[in-house]
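Comments concern the structure below.
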Amino acid sequence: MDKTIRHNTKIVYLLKGLFFAYIITAIILLILSLLMLKLNLPTMVTSVGINLAYIASSLLSGFYVGKKVEQKKFIWGLLMGIIYFVILMLVSLIMNQSSPLPLGNMFTVLVICSLSGMLGGMLS
């Protein structure tokens, strides 16, 4: 019984971490869109800003989950980054039905999110 309660709380921590990650992503992307509107930023700067949003969100959510779980923190951070990526890509594919992202870009974002989440878990 005690083991199932601990397992369920870990899932709750993952869900809270995901919510936290998407709030962070929304804030960063909102700031980036306002900067694009006012400053006419080039595409390269926009791409770097989006990647920084992925890194910050995965890192901070991995840190949160690692702090809460307290065991095998890097694995939970890695799992956090992977789940963040999967939901991000599913929403992206649903919204952009005409042409999916190139496979190389998807792999790069997977690596960025996974390693950032794992680093956040390790730093916790």
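Here's how to read the names in the structure tokens: chain A, B, ... by the order shown, residue numbers from 1 in each chain, ligand numbers from 1 in the order shown.
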
Mind dumping a table of every stretch 61-124 of chain A residue within 7 Å of stretch 14-18 of chain A, with the nearest atom pair and its distance in Å to one decimal, using only C-alpha atoms, sorted by chain and rising number, as a Markdown table?
| residue | atom | partner | partner_atom | distance |
| --- | --- | --- | --- | --- |
| A:Ser61 | CA | A:Gly17 | CA | 4.9 |
| A:Tyr64 | CA | A:Gly17 | CA | 6.4 |
| A:Val65 | CA | A:Gly17 | CA | 6.2 |
| A:Met80 | CA | A:Leu14 | CA | 6.6 |
| A:Tyr84 | CA | A:Leu18 | CA | 6.5 |

Which residues, written as a ChimeraX atom specification, have at least one atom at most 6 Å from stretch 50-59 of chain A, with only C-alpha atoms counted and residues fewer than 3 positions away on the same chain left out?
/A:21,24-25,28,47,62,81,113,116-117,120

Written file, previous selection with N, CA and C atoms, as a compact mmCIF listing (two decimals), in the first residue's frame:
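Output file selection-v2.txt is given in full below:
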# COMPACT_ATOMS: atom_id res chain seq x y z
N ALA A 21 6.35 23.36 -16.58
CA ALA A 21 7.15 23.51 -17.80
C ALA A 21 6.38 24.27 -18.87
N ILE A 24 6.13 27.99 -18.04
CA ILE A 24 7.40 28.65 -18.35
C ILE A 24 7.53 28.84 -19.86
N THR A 25 7.20 27.82 -20.63
CA THR A 25 7.26 27.91 -22.09
C THR A 25 6.36 29.02 -22.61
N ILE A 28 7.92 32.49 -21.80
CA ILE A 28 9.09 32.79 -22.65
C ILE A 28 8.65 33.06 -24.09
N SER A 47 14.74 31.43 -33.62
CA SER A 47 15.04 30.01 -33.44
C SER A 47 15.83 29.77 -32.16
N GLY A 62 12.65 19.50 -14.68
CA GLY A 62 13.47 18.39 -14.20
C GLY A 62 14.01 18.66 -12.81
N GLY A 81 11.84 15.45 -19.30
CA GLY A 81 12.19 16.04 -20.59
C GLY A 81 11.57 15.29 -21.75
N CYS A 113 15.58 18.59 -25.02
CA CYS A 113 14.63 18.47 -23.90
C CYS A 113 15.07 17.38 -22.92
N SER A 116 18.31 18.45 -21.02
CA SER A 116 18.01 19.56 -20.11
C SER A 116 17.24 19.07 -18.89
N GLY A 117 16.26 18.22 -19.11
CA GLY A 117 15.51 17.65 -17.99
C GLY A 117 16.41 16.82 -17.08
N GLY A 120 18.59 19.12 -15.05
CA GLY A 120 17.80 19.69 -13.97
C GLY A 120 17.62 18.70 -12.82

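Relative to atom CA of A:Lys73, atom CA of A:Met122 is found at 5.9 Å.
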